[in-house]
Structure formats: structure tokens, C-alpha cells
file data09.pdb (PDB, N, CA and C atoms)
ATOM      1  N   MET A   1      87.827 103.426  87.483
ATOM      2  CA  MET A   1      88.633 102.373  88.057
ATOM      3  C   MET A   1      88.401 102.341  89.572
ATOM      4  N   GLU A   2      88.038 101.202  90.062
ATOM      5  CA  GLU A   2      87.741 101.040  91.477
ATOM      6  C   GLU A   2      89.007 100.678  92.241
ATOM      7  N   LYS A   3      89.252 101.392  93.338
ATOM      8  CA  LYS A   3      90.430 101.129  94.166
ATOM      9  C   LYS A   3      90.129  99.969  95.119
ATOM     10  N   GLN A   4      91.075  99.068  95.243
ATOM     11  CA  GLN A   4      90.931  97.931  96.140
ATOM     12  C   GLN A   4      91.134  98.387  97.586
ATOM     13  N   VAL A   5      90.436  97.757  98.496
ATOM     14  CA  VAL A   5      90.590  98.035  99.923
ATOM     15  C   VAL A   5      91.901  97.395 100.386
ATOM     16  N   SER A   6      92.708  98.170 101.106
ATOM     17  CA  SER A   6      93.980  97.638 101.607
ATOM     18  C   SER A   6      93.733  96.681 102.767
ATOM     19  N   GLU A   7      94.744  95.908 103.105
ATOM     20  CA  GLU A   7      94.664  94.989 104.251
ATOM     21  C   GLU A   7      94.369  95.751 105.529
ATOM     22  N   GLN A   8      94.976  96.931 105.687
ATOM     23  CA  GLN A   8      94.786  97.742 106.875
ATOM     24  C   GLN A   8      93.358  98.293 106.946
ATOM     25  N   GLU A   9      92.824  98.734 105.807
ATOM     26  CA  GLU A   9      91.451  99.231 105.778
ATOM     27  C   GLU A   9      90.466  98.110 106.107
ATOM     28  N   ALA A  10      90.709  96.917 105.588
ATOM     29  CA  ALA A  10      89.848  95.778 105.888
ATOM     30  C   ALA A  10      89.899  95.434 107.370
ATOM     31  N   SER A  11      91.096  95.496 107.963
ATOM     32  CA  SER A  11      91.266  95.231 109.394
ATOM     33  C   SER A  11      90.505  96.268 110.220
ATOM     34  N   PHE A  12      90.599  97.528 109.826
ATOM     35  CA  PHE A  12      89.892  98.617 110.491
ATOM     36  C   PHE A  12      88.385  98.363 110.485
ATOM     37  N   LEU A  13      87.843  98.019 109.336
ATOM     38  CA  LEU A  13      86.407  97.750 109.227
ATOM     39  C   LEU A  13      85.994  96.531 110.046
ATOM     40  N   GLU A  14      86.826  95.507 110.064
ATOM     41  CA  GLU A  14      86.538  94.308 110.841
ATOM     42  C   GLU A  14      86.452  94.620 112.332
ATOM     43  N   ILE A  15      87.369  95.440 112.812
ATOM     44  CA  ILE A  15      87.356  95.826 114.227
ATOM     45  C   ILE A  15      86.089  96.603 114.561
ATOM     46  N   LEU A  16      85.694  97.526 113.695
ATOM     47  CA  LEU A  16      84.465  98.283 113.940
ATOM     48  C   LEU A  16      83.262  97.361 114.028
ATOM     49  N   ARG A  17      83.219  96.354 113.191
ATOM     50  CA  ARG A  17      82.095  95.409 113.203
ATOM     51  C   ARG A  17      82.086  94.543 114.452
ATOM     52  N   GLU A  18      83.281  94.257 114.995
ATOM     53  CA  GLU A  18      83.385  93.385 116.168
ATOM     54  C   GLU A  18      83.037  94.093 117.469
ATOM     55  N   TRP A  19      83.134  95.414 117.507
ATOM     56  CA  TRP A  19      82.853  96.123 118.735
ATOM     57  C   TRP A  19      81.402  95.873 119.131
ATOM     58  N   SER A  20      81.238  95.424 120.351
ATOM     59  CA  SER A  20      79.883  95.117 120.833
ATOM     60  C   SER A  20      79.397  96.230 121.745
ATOM     61  N   GLY A  21      78.220  96.059 122.261
ATOM     62  CA  GLY A  21      77.659  97.037 123.173
ATOM     63  C   GLY A  21      78.099  96.829 124.610
ATOM     64  N   LYS A  22      78.996  95.879 124.858
ATOM     65  CA  LYS A  22      79.415  95.569 126.227
ATOM     66  C   LYS A  22      80.537  96.468 126.730
ATOM     67  N   ASP A  23      81.379  96.951 125.849
ATOM     68  CA  ASP A  23      82.542  97.747 126.247
ATOM     69  C   ASP A  23      82.443  99.140 125.637
ATOM     70  N   ASP A  24      83.212 100.085 126.212
ATOM     71  CA  ASP A  24      83.256 101.453 125.705
ATOM     72  C   ASP A  24      84.495 101.622 124.837
ATOM     73  N   TYR A  25      84.323 102.214 123.655
ATOM     74  CA  TYR A  25      85.432 102.437 122.741
ATOM     75  C   TYR A  25      85.418 103.868 122.246
ATOM     76  N   ARG A  26      86.619 104.357 121.927
ATOM     77  CA  ARG A  26      86.753 105.662 121.284
ATOM     78  C   ARG A  26      87.886 105.560 120.284
ATOM     79  N   MET A  27      87.646 106.045 119.069
ATOM     80  CA  MET A  27      88.677 106.062 118.038
ATOM     81  C   MET A  27      88.711 107.452 117.429
ATOM     82  N   VAL A  28      89.918 108.000 117.283
ATOM     83  CA  VAL A  28      90.105 109.297 116.649
ATOM     84  C   VAL A  28      91.096 109.101 115.513
ATOM     85  N   ILE A  29      90.718 109.541 114.325
ATOM     86  CA  ILE A  29      91.600 109.471 113.156
ATOM     87  C   ILE A  29      91.813 110.896 112.681
ATOM     88  N   GLU A  30      93.086 111.311 112.628
ATOM     89  CA  GLU A  30      93.415 112.669 112.205
ATOM     90  C   GLU A  30      94.435 112.639 111.082
ATOM     91  N   PHE A  31      94.319 113.580 110.172
ATOM     92  CA  PHE A  31      95.340 113.811 109.153
ATOM     93  C   PHE A  31      95.705 115.274 109.235
ATOM     94  N   GLN A  32      96.958 115.532 109.584
ATOM     95  CA  GLN A  32      97.390 116.914 109.766
ATOM     96  C   GLN A  32      98.864 117.023 109.404
ATOM     97  N   SER A  33      99.202 118.045 108.669
ATOM     98  CA  SER A  33     100.590 118.328 108.283
ATOM     99  C   SER A  33     101.265 117.116 107.647
ATOM    100  N   GLY A  34     100.516 116.378 106.829
ATOM    101  CA  GLY A  34     101.088 115.254 106.092
ATOM    102  C   GLY A  34     101.238 113.968 106.877
ATOM    103  N   ALA A  35     100.641 113.902 108.052
ATOM    104  CA  ALA A  35     100.766 112.687 108.867
ATOM    105  C   ALA A  35      99.384 112.234 109.346
ATOM    106  N   TRP A  36      99.203 110.918 109.360
ATOM    107  CA  TRP A  36      98.003 110.297 109.914
ATOM    108  C   TRP A  36      98.279 109.899 111.346
ATOM    109  N   GLU A  37      97.307 110.103 112.205
ATOM    110  CA  GLU A  37      97.404 109.651 113.593
ATOM    111  C   GLU A  37      96.092 108.957 113.959
ATOM    112  N   ILE A  38      96.225 107.744 114.492
ATOM    113  CA  ILE A  38      95.062 106.971 114.914
ATOM    114  C   ILE A  38      95.213 106.701 116.400
ATOM    115  N   SER A  39      94.218 107.108 117.172
ATOM    116  CA  SER A  39      94.220 106.879 118.617
ATOM    117  C   SER A  39      93.018 106.017 118.969
ATOM    118  N   LEU A  40      93.261 104.970 119.740
ATOM    119  CA  LEU A  40      92.197 104.089 120.213
ATOM    120  C   LEU A  40      92.181 104.108 121.726
ATOM    121  N   GLN A  41      90.988 104.094 122.282
ATOM    122  CA  GLN A  41      90.825 103.982 123.727
ATOM    123  C   GLN A  41      89.652 103.056 123.981
ATOM    124  N   ALA A  42      89.825 102.144 124.911
ATOM    125  CA  ALA A  42      88.761 101.211 125.261
ATOM    126  C   ALA A  42      88.754 101.000 126.762
ATOM    127  N   VAL A  43      87.570 100.813 127.298
ATOM    128  CA  VAL A  43      87.432 100.396 128.685
ATOM    129  C   VAL A  43      86.881  98.981 128.618
ATOM    130  N   ILE A  44      87.742  98.022 128.935
ATOM    131  CA  ILE A  44      87.389  96.610 128.829
ATOM    132  C   ILE A  44      87.483  95.994 130.221
ATOM    133  N   ASN A  45      86.350  95.486 130.681
ATOM    134  CA  ASN A  45      86.278  94.903 132.029
ATOM    135  C   ASN A  45      86.809  95.873 133.083
ATOM    136  N   GLY A  46      86.484  97.164 132.911
ATOM    137  CA  GLY A  46      86.893  98.178 133.870
ATOM    138  C   GLY A  46      88.320  98.672 133.719
ATOM    139  N   LYS A  47      89.069  98.140 132.754
ATOM    140  CA  LYS A  47      90.473  98.538 132.551
ATOM    141  C   LYS A  47      90.560  99.504 131.372
ATOM    142  N   ASP A  48      91.254 100.641 131.589
ATOM    143  CA  ASP A  48      91.457 101.645 130.552
ATOM    144  C   ASP A  48      92.609 101.205 129.654
ATOM    145  N   CYS A  49      92.341 100.990 128.375
ATOM    146  CA  CYS A  49      93.347 100.528 127.422
ATOM    147  C   CYS A  49      93.485 101.562 126.308
ATOM    148  N   ARG A  50      94.721 101.884 125.956
ATOM    149  CA  ARG A  50      94.959 102.904 124.924
ATOM    150  C   ARG A  50      96.018 102.437 123.935
ATOM    151  N   ALA A  51      95.912 102.970 122.704
ATOM    152  CA  ALA A  51      96.893 102.675 121.665
ATOM    153  C   ALA A  51      96.930 103.843 120.697
ATOM    154  N   ARG A  52      98.077 104.006 120.034
ATOM    155  CA  ARG A  52      98.250 105.134 119.114
ATOM    156  C   ARG A  52      99.192 104.712 118.005
ATOM    157  N   GLY A  53      98.913 105.151 116.788
ATOM    158  CA  GLY A  53      99.794 104.901 115.660
ATOM    159  C   GLY A  53      99.883 106.123 114.777
ATOM    160  N   VAL A  54     101.069 106.377 114.228
ATOM    161  CA  VAL A  54     101.313 107.539 113.371
ATOM    162  C   VAL A  54     102.030 107.060 112.114
ATOM    163  N   GLY A  55     101.708 107.670 110.974
ATOM    164  CA  GLY A  55     102.391 107.325 109.734
ATOM    165  C   GLY A  55     102.090 108.315 108.632
ATOM    166  N   GLU A  56     102.838 108.216 107.542
ATOM    167  CA  GLU A  56     102.630 109.097 106.396
ATOM    168  C   GLU A  56     101.369 108.719 105.627
ATOM    169  N   THR A  57     100.900 107.476 105.793
ATOM    170  CA  THR A  57      99.673 107.023 105.157
ATOM    171  C   THR A  57      98.780 106.401 106.237
ATOM    172  N   PHE A  58      97.496 106.230 105.907
ATOM    173  CA  PHE A  58      96.604 105.549 106.841
ATOM    174  C   PHE A  58      97.131 104.155 107.141
ATOM    175  N   ASP A  59      97.563 103.441 106.103
ATOM    176  CA  ASP A  59      98.056 102.077 106.282
ATOM    177  C   ASP A  59      99.242 102.024 107.242
ATOM    178  N   GLN A  60     100.182 102.947 107.110
ATOM    179  CA  GLN A  60     101.335 102.987 108.025
ATOM    180  C   GLN A  60     100.885 103.274 109.457
ATOM    181  N   ALA A  61      99.990 104.240 109.608
ATOM    182  CA  ALA A  61      99.515 104.582 110.956
ATOM    183  C   ALA A  61      98.798 103.387 111.576
ATOM    184  N   TRP A  62      97.962 102.703 110.791
ATOM    185  CA  TRP A  62      97.230 101.545 111.303
ATOM    186  C   TRP A  62      98.204 100.433 111.701
ATOM    187  N   ASP A  63      99.234 100.216 110.896
ATOM    188  CA  ASP A  63     100.248  99.200 111.222
ATOM    189  C   ASP A  63     100.982  99.540 112.516
ATOM    190  N   ASN A  64     101.095 100.822 112.837
ATOM    191  CA  ASN A  64     101.817 101.247 114.044
ATOM    192  C   ASN A  64     100.948 101.252 115.296
ATOM    193  N   VAL A  65      99.641 101.063 115.157
ATOM    194  CA  VAL A  65      98.765 100.957 116.317
ATOM    195  C   VAL A  65      99.019  99.588 116.948
ATOM    196  N   ASN A  66      99.333  99.592 118.236
ATOM    197  CA  ASN A  66      99.614  98.335 118.931
ATOM    198  C   ASN A  66      98.817  98.321 120.223
ATOM    199  N   PRO A  67      97.549  97.922 120.157
ATOM    200  CA  PRO A  67      96.723  97.961 121.355
ATOM    201  C   PRO A  67      97.241  97.059 122.472
ATOM    202  N   SER A  68      97.230  97.583 123.666
ATOM    203  CA  SER A  68      97.733  96.814 124.818
ATOM    204  C   SER A  68      96.788  95.684 125.190
ATOM    205  N   TRP A  69      95.545  95.736 124.724
ATOM    206  CA  TRP A  69      94.584  94.709 125.089
ATOM    207  C   TRP A  69      94.484  93.610 124.043
ATOM    208  N   ALA A  70      95.153  93.764 122.910
ATOM    209  CA  ALA A  70      95.047  92.761 121.837
ATOM    210  C   ALA A  70      95.911  91.552 122.108
TER
END
call {"tool": "encode", "arguments": {"input": "data09.pdb", "output": "C-alpha cells"}}
result
Amino acid sequence: MEKQVSEQEASFLEILREWSGKDDYRMVIEFQSGAWEISLQAVINGKDCRARGVGETFDQAWDNVNPSWA
């Protein structure tokens, strides 16, 4: 049985595809002690932008990421 990709997973993949060679990006995804943590950092037009989301599932953590540059 094939598992369907969640809306959050699809959004994650879309963002990875959109990243161009013009800006610097860093993404860290961790799962530790039952919690997911996603950290994003980007340097866009010389401005340091950061975002972080935490949740019991990847989907929850992704929903809690609120990038300041979006």
C-alpha cells in the first residue's frame, strides 16, 4: 500500500525545487525525543532571514514554520 504525500510534504518539496542559485539557504530537520524541529535560514538580498517550527509530527512542525521573508 502506497502512502500519499501530505500537503505539508508537497509544500516542502515545492520549496526545495524553487530555491535558485541566487540566494543562500540552509534547512535543518531534526527528530529527537518525540518532536520534529525544522529550522530554515536564508540570506535574501543581503538580509538574514530565519524561521523555526516544532511539532509532534513533520506536518505539525512544517505548519508551525513561519518564515519572515514569505
call {"tool": "residues_around", "arguments": {"input": "data09.pdb", "residues": "Glu56 of chain A", "least_positions_apart": "4", "cutoff": "12 Å", "atoms": "only C-alpha atoms", "output": "PDB file with N, CA and C atoms, keeping the file's coordinate frame"}}
result
ATOM      1  N   GLU A  30      93.086 111.311 112.628  1.00  0.00           N
ATOM      2  CA  GLU A  30      93.415 112.669 112.205  1.00  0.00           C
ATOM      3  C   GLU A  30      94.435 112.639 111.082  1.00  0.00           C
ATOM      4  N   PHE A  31      94.319 113.580 110.172  1.00  0.00           N
ATOM      5  CA  PHE A  31      95.340 113.811 109.153  1.00  0.00           C
ATOM      6  C   PHE A  31      95.705 115.274 109.235  1.00  0.00           C
ATOM      7  N   GLN A  32      96.958 115.532 109.584  1.00  0.00           N
ATOM      8  CA  GLN A  32      97.390 116.914 109.766  1.00  0.00           C
ATOM      9  C   GLN A  32      98.864 117.023 109.404  1.00  0.00           C
ATOM     10  N   SER A  33      99.202 118.045 108.669  1.00  0.00           N
ATOM     11  CA  SER A  33     100.590 118.328 108.283  1.00  0.00           C
ATOM     12  C   SER A  33     101.265 117.116 107.647  1.00  0.00           C
ATOM     13  N   GLY A  34     100.516 116.378 106.829  1.00  0.00           N
ATOM     14  CA  GLY A  34     101.088 115.254 106.092  1.00  0.00           C
ATOM     15  C   GLY A  34     101.238 113.968 106.877  1.00  0.00           C
ATOM     16  N   ALA A  35     100.641 113.902 108.052  1.00  0.00           N
ATOM     17  CA  ALA A  35     100.766 112.687 108.867  1.00  0.00           C
ATOM     18  C   ALA A  35      99.384 112.234 109.346  1.00  0.00           C
ATOM     19  N   TRP A  36      99.203 110.918 109.360  1.00  0.00           N
ATOM     20  CA  TRP A  36      98.003 110.297 109.914  1.00  0.00           C
ATOM     21  C   TRP A  36      98.279 109.899 111.346  1.00  0.00           C
ATOM     22  N   GLU A  37      97.307 110.103 112.205  1.00  0.00           N
ATOM     23  CA  GLU A  37      97.404 109.651 113.593  1.00  0.00           C
ATOM     24  C   GLU A  37      96.092 108.957 113.959  1.00  0.00           C
ATOM     25  N   ILE A  38      96.225 107.744 114.492  1.00  0.00           N
ATOM     26  CA  ILE A  38      95.062 106.971 114.914  1.00  0.00           C
ATOM     27  C   ILE A  38      95.213 106.701 116.400  1.00  0.00           C
ATOM     28  N   GLN A  60     100.182 102.947 107.110  1.00  0.00           N
ATOM     29  CA  GLN A  60     101.335 102.987 108.025  1.00  0.00           C
ATOM     30  C   GLN A  60     100.885 103.274 109.457  1.00  0.00           C
ATOM     31  N   ALA A  61      99.990 104.240 109.608  1.00  0.00           N
ATOM     32  CA  ALA A  61      99.515 104.582 110.956  1.00  0.00           C
ATOM     33  C   ALA A  61      98.798 103.387 111.576  1.00  0.00           C
ATOM     34  N   TRP A  62      97.962 102.703 110.791  1.00  0.00           N
ATOM     35  CA  TRP A  62      97.230 101.545 111.303  1.00  0.00           C
ATOM     36  C   TRP A  62      98.204 100.433 111.701  1.00  0.00           C
ATOM     37  N   ASP A  63      99.234 100.216 110.896  1.00  0.00           N
ATOM     38  CA  ASP A  63     100.248  99.200 111.222  1.00  0.00           C
ATOM     39  C   ASP A  63     100.982  99.540 112.516  1.00  0.00           C
ATOM     40  N   ASN A  64     101.095 100.822 112.837  1.00  0.00           N
ATOM     41  CA  ASN A  64     101.817 101.247 114.044  1.00  0.00           C
ATOM     42  C   ASN A  64     100.948 101.252 115.296  1.00  0.00           C
TER      43      ASN A  64
END
call {"tool": "residues_around", "arguments": {"input": "data09.pdb", "residues": "Trp19 of chain A", "least_positions_apart": "6", "cutoff": "12 Å", "atoms": "only C-alpha atoms", "output": "number ranges by chain"}}
result
A: 12-13, 25-27, 42-44
call {"tool": "select_by_dssp", "arguments": {"input": "data09.pdb", "residues": "chain A", "states": "helix (DSSP H, G or I)", "output": "ChimeraX atom specification"}}
result
/A:7-18,58-64
call {"tool": "atom_distance", "arguments": {"input": "data09.pdb", "atom1": "atom N of Gln41 of chain A", "atom2": "atom N of Glu14 of chain A"}}
result
15.5 Å
call {"tool": "closest_residue", "arguments": {"input": "data09.pdb", "among": "A:Glu18, A:Glu9, A:Pro67, A:Met1", "to": "Cys49 of chain A", "atoms": "only N, CA and C atoms"}}
result
A:Pro67
call {"tool": "atom_distance", "arguments": {"input": "data09.pdb", "atom1": "atom CA of Lys22 of chain A", "atom2": "atom CA of Gly53 of chain A"}}
result
24.8 Å
call {"tool": "atom_distance", "arguments": {"input": "data09.pdb", "atom1": "atom C of Asp59 of chain A", "atom2": "atom CA of Gln8 of chain A"}}
result
6.2 Å
call {"tool": "closest_residue", "arguments": {"input": "data09.pdb", "among": "A:Val5, A:Ile29, A:Leu40, A:Leu16", "to": "Val65 of chain A", "atoms": "only C-alpha atoms"}}
result
A:Leu40
call {"tool": "axis_aligned_box", "arguments": {"input": "data09.pdb", "around": "segment 55-66 of chain A", "padding_each_side": "3 Å", "output": "AutoDock Vina command-line options"}}
result
--center_x 99.7 --center_y 103.7 --center_z 112.7 --size_x 12.2 --size_y 16.8 --size_z 21.1
